[in-house]
Every structure is written in C-alpha cells, then in structure tokens.
file work.cif (mmCIF, C-alpha atoms)
data_query
loop_
_atom_site.group_PDB
_atom_site.id
_atom_site.type_symbol
_atom_site.label_atom_id
_atom_site.label_comp_id
_atom_site.auth_asym_id
_atom_site.auth_seq_id
_atom_site.Cartn_x
_atom_site.Cartn_y
_atom_site.Cartn_z
ATOM 1 C CA MET A 1 -14.721 -17.397 2.175
ATOM 2 C CA ARG A 2 -11.291 -18.968 2.477
ATOM 3 C CA GLU A 3 -12.363 -21.839 0.222
ATOM 4 C CA ARG A 4 -12.990 -19.332 -2.540
ATOM 5 C CA PHE A 5 -9.258 -18.882 -2.970
ATOM 6 C CA ALA A 6 -7.958 -22.218 -1.759
ATOM 7 C CA ASP A 7 -7.175 -23.562 -5.227
ATOM 8 C CA SER A 8 -5.507 -20.413 -6.515
ATOM 9 C CA ASP A 9 -1.962 -20.827 -7.800
ATOM 10 C CA SER A 10 -1.252 -17.415 -6.343
ATOM 11 C CA PHE A 11 -2.256 -18.358 -2.795
ATOM 12 C CA SER A 12 0.534 -18.066 -0.282
ATOM 13 C CA ARG A 13 0.601 -18.247 3.479
ATOM 14 C CA ILE A 14 1.483 -15.318 5.686
ATOM 15 C CA ARG A 15 4.186 -16.061 8.211
ATOM 16 C CA PRO A 16 2.470 -16.417 11.618
ATOM 17 C CA LYS A 17 3.265 -13.630 14.009
ATOM 18 C CA GLY A 18 5.144 -16.023 16.262
ATOM 19 C CA ALA A 19 7.342 -17.466 13.512
ATOM 20 C CA SER A 20 10.966 -16.669 14.176
ATOM 21 C CA ARG A 21 12.935 -14.460 11.821
ATOM 22 C CA ARG A 22 15.786 -14.169 14.235
ATOM 23 C CA GLY A 23 19.157 -15.566 13.346
ATOM 24 C CA ARG A 24 18.259 -15.465 9.641
ATOM 25 C CA ARG A 25 21.081 -13.562 8.017
ATOM 26 C CA ASP A 26 20.087 -13.824 4.406
ATOM 27 C CA GLU A 27 21.590 -12.382 1.265
ATOM 28 C CA ARG A 28 19.837 -9.051 1.520
ATOM 29 C CA PHE A 29 22.127 -8.053 4.399
ATOM 30 C CA ASP A 30 25.369 -9.537 3.094
ATOM 31 C CA ASP A 31 26.621 -6.171 1.836
ATOM 32 C CA VAL A 32 25.929 -4.310 5.099
ATOM 33 C CA GLU A 33 28.848 -3.857 7.449
ATOM 34 C CA PRO A 34 27.982 -4.748 11.068
ATOM 35 C CA GLU A 35 29.478 -1.587 12.541
ATOM 36 C CA TRP A 36 26.878 0.625 10.911
ATOM 37 C CA PHE A 37 23.982 -1.757 10.727
ATOM 38 C CA PRO A 38 20.783 0.070 11.818
ATOM 39 C CA THR A 39 19.593 -0.750 15.309
ATOM 40 C CA GLU A 40 16.054 -1.379 14.084
ATOM 41 C CA PHE A 41 17.274 -4.562 12.373
ATOM 42 C CA SER A 42 19.131 -5.888 15.410
ATOM 43 C CA GLU A 43 16.526 -8.612 15.900
ATOM 44 C CA TYR A 44 18.005 -10.442 12.922
ATOM 45 C CA PHE A 45 21.133 -11.089 14.951
ATOM 46 C CA ALA A 46 19.516 -11.939 18.267
ATOM 47 C CA ASP A 47 20.386 -15.228 19.951
ATOM 48 C CA THR A 48 17.604 -17.757 19.550
ATOM 49 C CA ASP A 49 17.712 -20.781 21.769
ATOM 50 C CA ALA A 50 14.634 -22.931 21.132
ATOM 51 C CA SER A 51 15.844 -26.374 22.196
ATOM 52 C CA GLY A 52 12.387 -27.608 23.115
ATOM 53 C CA PHE A 53 13.656 -29.440 26.284
ATOM 54 C CA GLU A 54 12.533 -28.984 29.873
ATOM 55 C CA ASP A 55 15.060 -27.417 32.224
ATOM 56 C CA ASP A 56 16.261 -30.804 33.486
ATOM 57 C CA GLY A 57 16.614 -32.112 29.943
ATOM 58 C CA SER A 58 14.654 -35.231 30.809
ATOM 59 C CA ALA A 59 11.735 -34.818 28.454
ATOM 60 C CA PHE A 60 11.062 -33.299 25.066
ATOM 61 C CA THR A 61 8.205 -30.858 24.651
ATOM 62 C CA ALA A 62 6.917 -29.172 21.519
ATOM 63 C CA PRO A 63 8.316 -25.677 20.939
ATOM 64 C CA VAL A 64 6.033 -22.988 22.297
ATOM 65 C CA THR A 65 4.575 -20.598 19.729
ATOM 66 C CA ASP A 66 2.261 -17.655 20.112
ATOM 67 C CA GLY A 67 0.353 -18.213 16.874
ATOM 68 C CA PRO A 68 -3.443 -17.970 16.853
ATOM 69 C CA PRO A 69 -5.648 -21.084 17.050
ATOM 70 C CA THR A 70 -7.143 -20.140 13.660
ATOM 71 C CA GLY A 71 -6.031 -17.970 10.758
ATOM 72 C CA ASP A 72 -2.502 -17.115 9.648
ATOM 73 C CA ARG A 73 -1.355 -14.652 12.296
ATOM 74 C CA TRP A 74 -2.543 -12.489 15.141
ATOM 75 C CA SER A 75 -3.675 -9.031 14.097
ATOM 76 C CA THR A 76 -0.687 -6.725 13.669
ATOM 77 C CA TRP A 77 -2.649 -3.690 14.874
ATOM 78 C CA ASP A 78 -0.723 -3.413 18.144
ATOM 79 C CA GLN A 79 2.624 -3.614 16.325
ATOM 80 C CA SER A 80 2.113 -0.302 14.517
ATOM 81 C CA THR A 81 2.843 2.954 16.308
ATOM 82 C CA PRO A 82 0.165 5.670 16.510
ATOM 83 C CA THR A 83 1.710 7.458 13.521
ATOM 84 C CA GLU A 84 1.603 4.181 11.574
ATOM 85 C CA LYS A 85 -2.187 3.922 11.936
ATOM 86 C CA GLY A 86 -4.909 5.567 9.894
ATOM 87 C CA PRO A 87 -6.334 9.001 10.648
ATOM 88 C CA GLU A 88 -9.074 9.528 13.209
ATOM 89 C CA PRO A 89 -11.994 9.337 13.450
ATOM 90 C CA ARG A 90 -11.634 5.819 12.140
ATOM 91 C CA PRO A 91 -14.489 4.109 10.287
ATOM 92 C CA ASP A 92 -16.541 1.716 12.450
ATOM 93 C CA TRP A 93 -15.483 -1.259 10.335
ATOM 94 C CA VAL A 94 -11.810 -0.981 11.367
ATOM 95 C CA VAL A 95 -11.069 -3.926 13.696
ATOM 96 C CA THR A 96 -8.698 -2.838 16.464
ATOM 97 C CA GLU A 97 -9.319 -5.591 19.040
ATOM 98 C CA LEU A 98 -6.134 -7.308 20.231
ATOM 99 C CA ALA A 99 -7.866 -10.700 20.043
ATOM 100 C CA ALA A 100 -8.343 -10.329 16.280
ATOM 101 C CA VAL A 101 -6.764 -12.753 13.814
ATOM 102 C CA ASP A 102 -5.621 -12.152 10.230
ATOM 103 C CA THR A 103 -6.447 -14.772 7.612
ATOM 104 C CA GLU A 104 -5.057 -14.505 4.101
ATOM 105 C CA LEU A 105 -7.618 -15.375 1.431
ATOM 106 C CA GLY A 106 -5.713 -14.949 -1.823
ATOM 107 C CA ILE A 107 -4.143 -12.488 -4.199
ATOM 108 C CA VAL A 108 -6.013 -9.545 -5.681
ATOM 109 C CA LYS A 109 -3.426 -7.953 -7.934
ATOM 110 C CA THR A 110 0.219 -8.363 -8.904
ATOM 111 C CA GLY A 111 2.393 -5.448 -9.959
ATOM 112 C CA LYS A 112 5.958 -4.510 -10.780
ATOM 113 C CA GLU A 113 6.551 -2.905 -7.410
ATOM 114 C CA ALA A 114 3.998 -4.488 -5.085
ATOM 115 C CA ASP A 115 1.399 -7.218 -4.803
ATOM 116 C CA VAL A 116 -2.036 -6.788 -3.228
ATOM 117 C CA PHE A 117 -3.523 -9.613 -1.142
ATOM 118 C CA LEU A 118 -6.991 -10.096 0.304
ATOM 119 C CA LEU A 119 -6.964 -10.364 4.092
ATOM 120 C CA GLU A 120 -9.756 -10.990 6.572
ATOM 121 C CA ARG A 121 -9.266 -9.505 10.043
ATOM 122 C CA GLY A 122 -11.752 -10.737 12.591
ATOM 123 C CA VAL A 123 -12.302 -11.648 16.224
ATOM 124 C CA PRO A 124 -12.836 -15.432 16.520
ATOM 125 C CA GLY A 125 -16.265 -16.429 17.820
ATOM 126 C CA THR A 126 -17.846 -13.082 16.948
ATOM 127 C CA GLU A 127 -19.294 -11.313 13.925
ATOM 128 C CA ARG A 128 -16.616 -8.631 14.252
ATOM 129 C CA ARG A 129 -14.641 -8.970 11.035
ATOM 130 C CA THR A 130 -13.689 -7.043 7.912
ATOM 131 C CA LEU A 131 -11.904 -7.529 4.598
ATOM 132 C CA LEU A 132 -8.677 -5.613 3.989
ATOM 133 C CA ALA A 133 -6.344 -5.117 1.052
ATOM 134 C CA ALA A 134 -2.753 -5.883 2.074
ATOM 135 C CA LYS A 135 -0.331 -4.138 -0.274
ATOM 136 C CA ARG A 136 3.176 -5.568 0.085
ATOM 137 C CA TYR A 137 6.061 -3.933 -1.675
ATOM 138 C CA ARG A 138 8.342 -6.455 -3.310
ATOM 139 C CA ASP A 139 11.670 -7.445 -1.790
ATOM 140 C CA ALA A 140 15.100 -6.720 -3.237
ATOM 141 C CA GLN A 141 15.193 -9.846 -5.365
ATOM 142 C CA HIS A 142 11.776 -9.593 -7.005
ATOM 143 C CA ARG A 143 10.843 -5.939 -7.231
ATOM 144 C CA MET A 144 11.353 -3.818 -10.346
ATOM 145 C CA PHE A 145 12.497 -0.318 -9.424
ATOM 146 C CA HIS A 146 11.579 1.373 -12.668
ATOM 147 C CA ARG A 147 10.500 4.646 -11.014
ATOM 148 C CA ASP A 148 13.023 4.881 -8.194
ATOM 149 C CA SER A 149 15.428 7.393 -9.727
ATOM 150 C CA GLY A 150 12.748 10.068 -10.053
ATOM 151 C CA TYR A 151 11.136 9.210 -6.756
ATOM 152 C CA LEU A 152 14.376 9.302 -4.761
ATOM 153 C CA GLU A 153 15.666 12.540 -6.237
ATOM 154 C CA GLY A 154 16.297 14.955 -3.394
ATOM 155 C CA ARG A 155 15.372 12.437 -0.702
ATOM 156 C CA GLN A 156 17.790 11.591 2.073
ATOM 157 C CA HIS A 157 17.688 9.044 4.864
ATOM 158 C CA LYS A 158 18.668 10.116 8.360
ATOM 159 C CA GLU A 159 21.483 7.550 8.136
ATOM 160 C CA SER A 160 23.975 8.710 5.488
ATOM 161 C CA ARG A 161 25.263 5.182 4.952
ATOM 162 C CA ILE A 162 21.735 3.974 4.242
ATOM 163 C CA THR A 163 21.418 6.794 1.707
ATOM 164 C CA ARG A 164 24.628 5.569 0.034
ATOM 165 C CA ALA A 165 23.335 1.970 0.023
ATOM 166 C CA MET A 166 20.156 3.169 -1.654
ATOM 167 C CA ALA A 167 22.135 5.097 -4.258
ATOM 168 C CA LYS A 168 24.295 2.056 -5.023
ATOM 169 C CA ARG A 169 21.232 -0.249 -5.165
ATOM 170 C CA THR A 170 22.796 -2.792 -2.822
ATOM 171 C CA SER A 171 20.486 -5.485 -1.478
ATOM 172 C CA PHE A 172 20.064 -3.586 1.766
ATOM 173 C CA GLY A 173 19.630 -0.351 -0.160
ATOM 174 C CA LYS A 174 16.776 -1.862 -2.150
ATOM 175 C CA GLU A 175 15.103 -2.941 1.078
ATOM 176 C CA ALA A 176 15.343 0.650 2.305
ATOM 177 C CA ILE A 177 13.877 1.908 -0.983
ATOM 178 C CA ALA A 178 10.916 -0.485 -0.636
ATOM 179 C CA GLY A 179 10.320 0.916 2.840
ATOM 180 C CA GLN A 180 10.331 4.470 1.494
ATOM 181 C CA TRP A 181 7.792 3.592 -1.199
ATOM 182 C CA ALA A 182 5.464 2.015 1.367
ATOM 183 C CA ALA A 183 5.830 4.926 3.782
ATOM 184 C CA ALA A 184 5.241 7.433 0.977
ATOM 185 C CA GLU A 185 2.025 5.731 -0.102
ATOM 186 C CA PHE A 186 0.694 5.360 3.432
ATOM 187 C CA GLY A 187 1.441 9.002 4.206
ATOM 188 C CA ALA A 188 -0.243 10.106 0.979
ATOM 189 C CA LEU A 189 -3.348 7.998 1.681
ATOM 190 C CA CYS A 190 -3.667 9.471 5.181
ATOM 191 C CA ARG A 191 -3.286 13.004 3.882
ATOM 192 C CA LEU A 192 -5.708 12.552 0.990
ATOM 193 C CA TRP A 193 -8.330 10.679 3.030
ATOM 194 C CA SER A 194 -8.319 13.427 5.635
ATOM 195 C CA ALA A 195 -8.688 16.059 2.898
ATOM 196 C CA GLY A 196 -11.706 14.302 1.395
ATOM 197 C CA VAL A 197 -10.210 12.692 -1.706
ATOM 198 C CA ALA A 198 -11.875 9.395 -2.730
ATOM 199 C CA VAL A 199 -9.069 6.975 -1.783
ATOM 200 C CA PRO A 200 -9.153 3.732 0.245
ATOM 201 C CA TYR A 201 -9.000 4.297 3.996
ATOM 202 C CA PRO A 202 -5.427 3.494 5.184
ATOM 203 C CA VAL A 203 -5.709 1.198 8.221
ATOM 204 C CA GLN A 204 -2.048 0.780 9.166
ATOM 205 C CA ILE A 205 1.486 0.278 7.902
ATOM 206 C CA LEU A 206 4.020 -2.228 9.226
ATOM 207 C CA GLY A 207 7.355 -2.315 7.448
ATOM 208 C CA THR A 208 6.634 -2.672 3.734
ATOM 209 C CA GLU A 209 3.026 -3.845 4.189
ATOM 210 C CA ILE A 210 0.128 -1.388 3.984
ATOM 211 C CA LEU A 211 -3.297 -2.539 5.150
ATOM 212 C CA MET A 212 -6.142 -0.508 3.684
ATOM 213 C CA GLU A 213 -9.830 -0.581 2.905
ATOM 214 C CA PHE A 214 -10.746 -3.361 0.483
ATOM 215 C CA VAL A 215 -12.733 -1.855 -2.366
ATOM 216 C CA GLY A 216 -15.000 -4.712 -3.386
ATOM 217 C CA ASP A 217 -17.927 -6.773 -2.182
ATOM 218 C CA GLY A 218 -18.390 -8.998 0.846
ATOM 219 C CA THR A 219 -17.506 -12.148 -1.091
ATOM 220 C CA GLY A 220 -13.965 -10.908 -1.757
ATOM 221 C CA ALA A 221 -14.529 -9.865 -5.379
ATOM 222 C CA ALA A 222 -12.501 -6.721 -6.039
ATOM 223 C CA ALA A 223 -14.123 -3.710 -7.679
ATOM 224 C CA PRO A 224 -13.319 -3.399 -11.386
ATOM 225 C CA ARG A 225 -10.924 -0.800 -12.703
ATOM 226 C CA LEU A 226 -12.463 2.057 -14.653
ATOM 227 C CA ALA A 227 -10.785 0.675 -17.780
ATOM 228 C CA GLN A 228 -12.709 -2.592 -17.355
ATOM 229 C CA LEU A 229 -16.176 -1.036 -17.242
ATOM 230 C CA ARG A 230 -18.399 -1.553 -20.253
ATOM 231 C CA THR A 231 -20.110 1.546 -21.579
ATOM 232 C CA GLU A 232 -23.546 0.317 -20.551
ATOM 233 C CA GLU A 233 -22.306 -0.204 -16.974
ATOM 234 C CA ALA A 234 -20.906 3.299 -16.568
ATOM 235 C CA ASP A 235 -22.713 6.508 -15.712
ATOM 236 C CA VAL A 236 -20.114 8.584 -17.527
ATOM 237 C CA GLU A 237 -21.400 11.960 -16.377
ATOM 238 C CA ASP A 238 -21.625 10.980 -12.702
ATOM 239 C CA LEU A 239 -18.190 9.337 -12.699
ATOM 240 C CA TRP A 240 -16.663 12.408 -14.352
ATOM 241 C CA GLU A 241 -18.215 14.622 -11.686
ATOM 242 C CA GLN A 242 -16.846 12.362 -8.914
ATOM 243 C CA LEU A 243 -13.399 12.419 -10.492
ATOM 244 C CA GLY A 244 -13.473 16.197 -10.816
ATOM 245 C CA ARG A 245 -14.401 16.650 -7.146
ATOM 246 C CA SER A 246 -11.546 14.451 -5.928
ATOM 247 C CA LEU A 247 -8.969 15.995 -8.266
ATOM 248 C CA SER A 248 -10.129 19.473 -7.216
ATOM 249 C CA VAL A 249 -9.566 18.643 -3.534
ATOM 250 C CA LEU A 250 -6.182 17.162 -4.457
ATOM 251 C CA ALA A 251 -5.239 20.330 -6.388
ATOM 252 C CA ARG A 252 -6.326 22.632 -3.551
ATOM 253 C CA GLU A 253 -3.993 20.640 -1.295
ATOM 254 C CA GLY A 254 -1.226 21.391 -3.810
ATOM 255 C CA TYR A 255 -0.903 17.932 -5.356
ATOM 256 C CA ALA A 256 -1.444 15.934 -8.516
ATOM 257 C CA HIS A 257 -1.686 12.153 -8.613
ATOM 258 C CA GLY A 258 1.297 11.940 -10.949
ATOM 259 C CA ASP A 259 0.376 8.660 -12.635
ATOM 260 C CA LEU A 260 -3.401 8.759 -13.053
ATOM 261 C CA SER A 261 -5.138 6.634 -15.668
ATOM 262 C CA ALA A 262 -8.233 4.475 -16.102
ATOM 263 C CA TYR A 263 -6.186 1.589 -14.672
ATOM 264 C CA ASN A 264 -5.689 2.996 -11.177
ATOM 265 C CA ILE A 265 -9.261 4.080 -10.576
ATOM 266 C CA LEU A 266 -11.752 1.571 -9.141
ATOM 267 C CA VAL A 267 -15.546 1.738 -9.431
ATOM 268 C CA GLN A 268 -17.658 -0.075 -6.839
ATOM 269 C CA ASP A 269 -21.427 0.231 -7.204
ATOM 270 C CA GLY A 270 -21.035 3.614 -8.873
ATOM 271 C CA ARG A 271 -18.480 4.885 -6.333
ATOM 272 C CA LEU A 272 -15.183 6.038 -7.851
ATOM 273 C CA VAL A 273 -11.991 5.372 -5.828
ATOM 274 C CA ILE A 274 -8.469 6.504 -6.769
ATOM 275 C CA ILE A 275 -5.625 4.098 -5.908
ATOM 276 C CA ASP A 276 -1.817 3.801 -6.241
ATOM 277 C CA VAL A 277 -0.664 7.140 -4.861
ATOM 278 C CA PRO A 278 2.970 6.789 -3.664
ATOM 279 C CA GLN A 279 4.269 9.186 -6.311
ATOM 280 C CA ILE A 280 1.908 12.150 -5.762
ATOM 281 C CA VAL A 281 3.485 15.346 -7.064
ATOM 282 C CA ASP A 282 3.761 18.665 -5.245
ATOM 283 C CA VAL A 283 2.570 20.868 -8.104
ATOM 284 C CA ILE A 284 3.748 24.064 -6.397
ATOM 285 C CA ALA A 285 7.316 23.004 -5.640
ATOM 286 C CA ASN A 286 7.814 20.972 -8.811
ATOM 287 C CA PRO A 287 8.629 23.155 -11.832
ATOM 288 C CA ARG A 288 6.700 20.695 -14.002
ATOM 289 C CA GLY A 289 3.747 20.655 -11.632
ATOM 290 C CA ARG A 290 1.194 21.956 -14.128
ATOM 291 C CA SER A 291 2.263 19.429 -16.766
ATOM 292 C CA PHE A 292 1.803 16.560 -14.277
ATOM 293 C CA LEU A 293 -1.642 17.854 -13.416
ATOM 294 C CA GLU A 294 -2.616 18.185 -17.077
ATOM 295 C CA ARG A 295 -1.224 14.759 -17.962
ATOM 296 C CA ASP A 296 -3.319 13.133 -15.236
ATOM 297 C CA VAL A 297 -6.531 14.708 -16.518
ATOM 298 C CA ARG A 298 -5.858 13.996 -20.192
ATOM 299 C CA ASN A 299 -4.796 10.383 -19.543
ATOM 300 C CA VAL A 300 -7.990 9.473 -17.723
ATOM 301 C CA GLY A 301 -10.051 11.890 -19.790
ATOM 302 C CA ALA A 302 -9.335 9.822 -22.905
ATOM 303 C CA TRP A 303 -11.442 7.000 -21.433
ATOM 304 C CA PHE A 304 -14.365 9.348 -20.817
ATOM 305 C CA VAL A 305 -14.118 10.973 -24.256
ATOM 306 C CA SER A 306 -14.196 7.536 -25.906
ATOM 307 C CA ARG A 307 -17.514 6.982 -24.116
ATOM 308 C CA GLY A 308 -19.207 10.173 -25.125
ATOM 309 C CA LEU A 309 -17.872 12.932 -22.885
ATOM 310 C CA PRO A 310 -17.295 16.130 -24.930
ATOM 311 C CA GLU A 311 -13.541 16.633 -25.322
ATOM 312 C CA ALA A 312 -13.875 20.285 -24.299
ATOM 313 C CA ARG A 313 -14.798 19.104 -20.778
ATOM 314 C CA VAL A 314 -11.283 17.683 -20.363
ATOM 315 C CA GLY A 315 -9.647 21.019 -21.090
ATOM 316 C CA GLU A 316 -12.107 22.751 -18.781
ATOM 317 C CA LEU A 317 -11.150 20.452 -15.916
ATOM 318 C CA VAL A 318 -7.435 21.084 -16.538
ATOM 319 C CA ASP A 319 -7.999 24.842 -16.271
ATOM 320 C CA LEU A 320 -10.149 24.444 -13.154
ATOM 321 C CA LEU A 321 -7.545 22.323 -11.385
ATOM 322 C CA ALA A 322 -4.741 24.737 -12.300
ATOM 323 C CA PHE A 323 -6.841 27.520 -10.737
ATOM 324 C CA ASP A 324 -7.543 25.389 -7.632
ATOM 325 C CA ALA A 325 -3.816 24.714 -7.264
ATOM 326 C CA ARG A 326 -3.089 28.456 -7.714
ATOM 327 C CA LEU A 327 -0.946 27.785 -10.758
ATOM 328 C CA ASP A 328 -2.789 30.317 -12.948
#
call {"tool": "encode", "arguments": {"input": "work.cif", "output": "structure tokens"}}
result
Amino acid sequence: MRERFADSDSFSRIRPKGASRRGRRDERFDDVEPEWFPTEFSEYFADTDASGFEDDGSAFTAPVTDGPPTGDRWSTWDQSTPTEKGPEPRPDWVVTELAAVDTELGIVKTGKEADVFLLERGVPGTERRTLLAAKRYRDAQHRMFHRDSGYLEGRQHKESRITRAMAKRTSFGKEAIAGQWAAAEFGALCRLWSAGVAVPYPVQILGTEILMEFVGDGTGAAAPRLAQLRTEEADVEDLWEQLGRSLSVLAREGYAHGDLSAYNILVQDGRLVIIDVPQIVDVIANPRGRSFLERDVRNVGAWFVSRGLPEARVGELVDLLAFDARLD
C-alpha cells in the first residue's frame, strides 16, 4: 500500500518516535519569557548528551535510537492519556497493542487550518492493522487563523500569560491556539460519536494531531465528499434521511455543526459521515443559535434541492431541528 503514495509530491515522513526534539529552541518560542514558560514544554530545554562514545571513550558506536524496525514511528497510543483516547466501547478495528507501528502513506487533504494524512497502524508480522486519518493542525508559520477570533471569544487558558500570548498572536500564542482547535475537535467527535451522530470514530489525540477513523476503502482511497457525487451515484432520499437523523441527534444534544455544507460530508458506499466539527455551536447558549442551525440545513439542502429534493423538505427539517433543540 505504501507504494501507492510513494511518488506523491505531498508525501512527507513522520518524525520517528525516538527522534530528538530536545534542545531545539526554534522561532516559535522566541517571544516566550523563560520565567513563565509552561512546564509541559520543559523537554525543549532538556540537556541532551548523545556523544555516541563508550564510557572509556576508546571506541565509537552508533547512537542508540528507539525507532521501530519498520514504518515511521512506534504507535503513539501509549502516549495519550485516558481522556485523550476515544470513547468506550471502542470498535474492534482500533489497534491498541504497544508493539504496533505507524506508517505514513500519503496526504489525503490539505486545508487552511489542518492537513489530513493517511496512516497505517499495525502490528508487524500479524494481520492486525488498520488505516487511520491523521489530522494535523498547522503550525504557527503555515496555518491561516481565519476563524480564530470567533472561536476564541470567551475562552480562557488556565495560564493567564498564555491567554495574553494567544490574544497577541505571538508565535507561542499561535501554537496554543492550534492546540485548542485540535482539542475542541477531538472533544466534539467524542461527544457526537457517543450520542450517535454519524462522525468518524476519534481514536486519540496527541498535541495537535488527531487520529480518527479513515472513511474510505482498504486501498487507501478516501470517500468522496457529498459535493463530488454525481446524481446517478446518489440515493438522494436515503442520504437526506441519514442527514436528518444525525442533525436531529445533534440538535437534541443542543448543538449545530456551525459550518455544514456538501464539502464536509463524506459518502462511503451509501453511508453518510459528517466531518470537520471543531466549531460546533451551542444553540441554547448562543443567541444566534437558531440561525446557525438554519444556515447548516439550508447550505447542505441546496445540494439536495439541485438533485430533485422538494425545497419544502428543507424548511421542514429546519423546523424539526429547532423543535428537537427546544428553540421553538
């Protein structure tokens, strides 16, 4: 499967788990004063002595690494805390073995805020393996924060100086913002999956990387977006019913997607899956909650109407969801 993506211009290697990041004080931390630097980043300033010599200095040996014999890195499963792992009961396909290895196969999607990569996690020498989508929020130098002002409104970090860095959009502040986006999406996926909304199963989060169910086939071909489906390929009525069921569950939980369209819905073998959920809106607490809910339905409803769905059905779904959310 790896050969499928080997010639891609977008292919990039994942840093092996054993590769050192210590001692690398790069530009993203230049504007952070040491006296208030968060303890969780202390590893960047740890002493790293990797001379490669035996104790007596008489012979040179290759530096010792803990990288896997195959693949790009050891599985990161054991590096996530229990709250950073997907909800239980977990699907049988989730690989949790400590002997598992992650192999990056290529890029699935690029975006303004994050890129999605195809990852295989498997136990060498066995048939125990699965494909995952690795969503990595962009770093301070390459990410476009076009939605941050609305997203961050009313949000505070436990460290007031980190909150100020975020407000000033310093390099470190942007790193903190990326972490909040990733955490928000992972938390939303866990909540929605548990409620029964058709979203990818969230496997784990580590920093600004979310590993989740890959919606596609066994060859690594991603499922098409709803917007990419040809009319003859789509069962419009069935897809509309699936969408209505998921949005109804979402509304009963008190939420709207907030940015729903035919471009962030996938369809795999007739199964509809909603993606990109970091900005879900609390329709009860937000004074514009009903307008967000209605905008979601009308945005995606336009695709269905253009393929034969009676326009009145869109308005009916808006009213139903407002009732489910107890807005009417």
call {"tool": "resolve_selection", "arguments": {"input": "work.cif", "expression": "the PyMOL selection byres ((chain A and resi 100) around 7)", "output": "list in words"}}
result
Trp74, Ser75, Glu97, Leu98, Ala99, Val101, Asp102, Arg121, Gly122, Val123 and Pro124 of chain A
call {"tool": "residues_around", "arguments": {"input": "work.cif", "residues": "Asp115 of chain A", "least_positions_apart": "3", "cutoff": "10 Å", "atoms": "only C-alpha atoms", "output": "list in words"}}
result
Ile107, Val108, Lys109, Thr110, Gly111, Lys112, Ala133, Ala134, Lys135, Arg136, Tyr137, Arg138, Arg143 and Glu209 of chain A
call {"tool": "residues_around", "arguments": {"input": "work.cif", "residues": "Val305 of chain A", "least_positions_apart": "4", "cutoff": "12 Å", "atoms": "only C-alpha atoms", "output": "JSON, numbers by chain"}}
result
{"A": [231, 236, 237, 240, 262, 297, 298, 299, 300, 301, 309, 310, 311, 312, 313, 314, 315]}
call {"tool": "residues_around", "arguments": {"input": "work.cif", "residues": "Pro91 of chain A", "least_positions_apart": "3", "cutoff": "10 Å", "atoms": "all atoms listed in the file", "output": "MDAnalysis selection string"}}
result
chainID A and resid 86:88 94:95 201 203 213
call {"tool": "closest_residue", "arguments": {"input": "work.cif", "among": "A:Ala256, A:Arg90, A:Ile274, A:Arg290", "to": "Gln242 of chain A", "atoms": "all atoms listed in the file"}}
result
A:Ile274
call {"tool": "residues_around", "arguments": {"input": "work.cif", "residues": "Pro202 of chain A", "least_positions_apart": "2", "cutoff": "8 Å", "atoms": "only C-alpha atoms", "output": "list in words"}}
result
Lys85, Gly86, Pro87, Phe186, Leu189, Cys190, Pro200, Gln204, Ile210, Leu211, Met212 and Glu213 of chain A
call {"tool": "atom_distance", "arguments": {"input": "work.cif", "atom1": "atom CA of Arg245 of chain A", "atom2": "atom CA of Thr130 of chain A"}}
result
28.1 Å
call {"tool": "closest_residue", "arguments": {"input": "work.cif", "among": "A:Leu118, A:Leu192, A:Leu247, A:Leu272", "to": "Ala222 of chain A", "atoms": "all atoms listed in the file"}}
result
A:Leu118
call {"tool": "residues_around", "arguments": {"input": "work.cif", "residues": "Val273 of chain A", "least_positions_apart": "2", "cutoff": "6 Å", "atoms": "all atoms listed in the file", "output": "PyMOL selection string"}}
result
chain A and resi 198-199+265-266
call {"tool": "atom_distance", "arguments": {"input": "work.cif", "atom1": "atom CA of Ile205 of chain A", "atom2": "atom CA of Gly270 of chain A"}}
result
28.3 Å
call {"tool": "closest_residue", "arguments": {"input": "work.cif", "among": "A:Arg288, A:Ala227, A:Ser248, A:His257", "to": "Ala302 of chain A", "atoms": "all atoms listed in the file"}}
result
A:Ala227
call {"tool": "atom_distance", "arguments": {"input": "work.cif", "atom1": "atom CA of Trp193 of chain A", "atom2": "atom CA of Asp72 of chain A"}}
result
29.2 Å
call {"tool": "decode", "arguments": {"input": "work.cif", "residues": "segment 224-262 of chain A", "atoms": "C-alpha atoms", "output": "PDB file, in the first residue's frame"}}
result
ATOM      1  CA  PRO A 224     -15.831  11.298  -1.881  1.00  0.00           C
ATOM      2  CA  ARG A 225     -17.393  14.438  -0.492  1.00  0.00           C
ATOM      3  CA  LEU A 226     -21.127  14.813  -0.997  1.00  0.00           C
ATOM      4  CA  ALA A 227     -20.400  17.682  -3.392  1.00  0.00           C
ATOM      5  CA  GLN A 228     -18.408  15.306  -5.616  1.00  0.00           C
ATOM      6  CA  LEU A 229     -21.167  12.728  -6.068  1.00  0.00           C
ATOM      7  CA  ARG A 230     -22.820  12.545  -9.461  1.00  0.00           C
ATOM      8  CA  THR A 231     -26.598  12.471  -9.440  1.00  0.00           C
ATOM      9  CA  GLU A 232     -26.723   8.902 -10.713  1.00  0.00           C
ATOM     10  CA  GLU A 233     -24.443   7.788  -7.856  1.00  0.00           C
ATOM     11  CA  ALA A 234     -26.554   9.316  -5.099  1.00  0.00           C
ATOM     12  CA  ASP A 235     -29.669   7.952  -3.443  1.00  0.00           C
ATOM     13  CA  VAL A 236     -30.894  11.443  -2.626  1.00  0.00           C
ATOM     14  CA  GLU A 237     -33.809  10.364  -0.454  1.00  0.00           C
ATOM     15  CA  ASP A 238     -31.759   7.931   1.643  1.00  0.00           C
ATOM     16  CA  LEU A 239     -28.902  10.401   2.120  1.00  0.00           C
ATOM     17  CA  TRP A 240     -31.356  13.116   3.171  1.00  0.00           C
ATOM     18  CA  GLU A 241     -32.879  10.757   5.727  1.00  0.00           C
ATOM     19  CA  GLN A 242     -29.410   9.889   7.096  1.00  0.00           C
ATOM     20  CA  LEU A 243     -28.520  13.567   7.332  1.00  0.00           C
ATOM     21  CA  GLY A 244     -31.772  14.369   9.112  1.00  0.00           C
ATOM     22  CA  ARG A 245     -31.208  11.630  11.704  1.00  0.00           C
ATOM     23  CA  SER A 246     -27.705  12.847  12.547  1.00  0.00           C
ATOM     24  CA  LEU A 247     -28.695  16.520  12.681  1.00  0.00           C
ATOM     25  CA  SER A 248     -31.675  15.618  14.883  1.00  0.00           C
ATOM     26  CA  VAL A 249     -29.399  13.843  17.380  1.00  0.00           C
ATOM     27  CA  LEU A 250     -27.036  16.825  17.241  1.00  0.00           C
ATOM     28  CA  ALA A 251     -29.928  19.243  17.906  1.00  0.00           C
ATOM     29  CA  ARG A 252     -31.257  17.177  20.822  1.00  0.00           C
ATOM     30  CA  GLU A 253     -27.772  17.426  22.338  1.00  0.00           C
ATOM     31  CA  GLY A 254     -28.093  21.210  21.986  1.00  0.00           C
ATOM     32  CA  TYR A 255     -25.678  21.722  19.093  1.00  0.00           C
ATOM     33  CA  ALA A 256     -25.432  22.713  15.456  1.00  0.00           C
ATOM     34  CA  HIS A 257     -22.471  21.894  13.237  1.00  0.00           C
ATOM     35  CA  GLY A 258     -21.841  25.578  12.580  1.00  0.00           C
ATOM     36  CA  ASP A 259     -20.170  25.200   9.185  1.00  0.00           C
ATOM     37  CA  LEU A 260     -22.062  22.411   7.428  1.00  0.00           C
ATOM     38  CA  SER A 261     -22.038  22.107   3.649  1.00  0.00           C
ATOM     39  CA  ALA A 262     -21.784  19.472   0.925  1.00  0.00           C
TER      40      ALA A 262
END
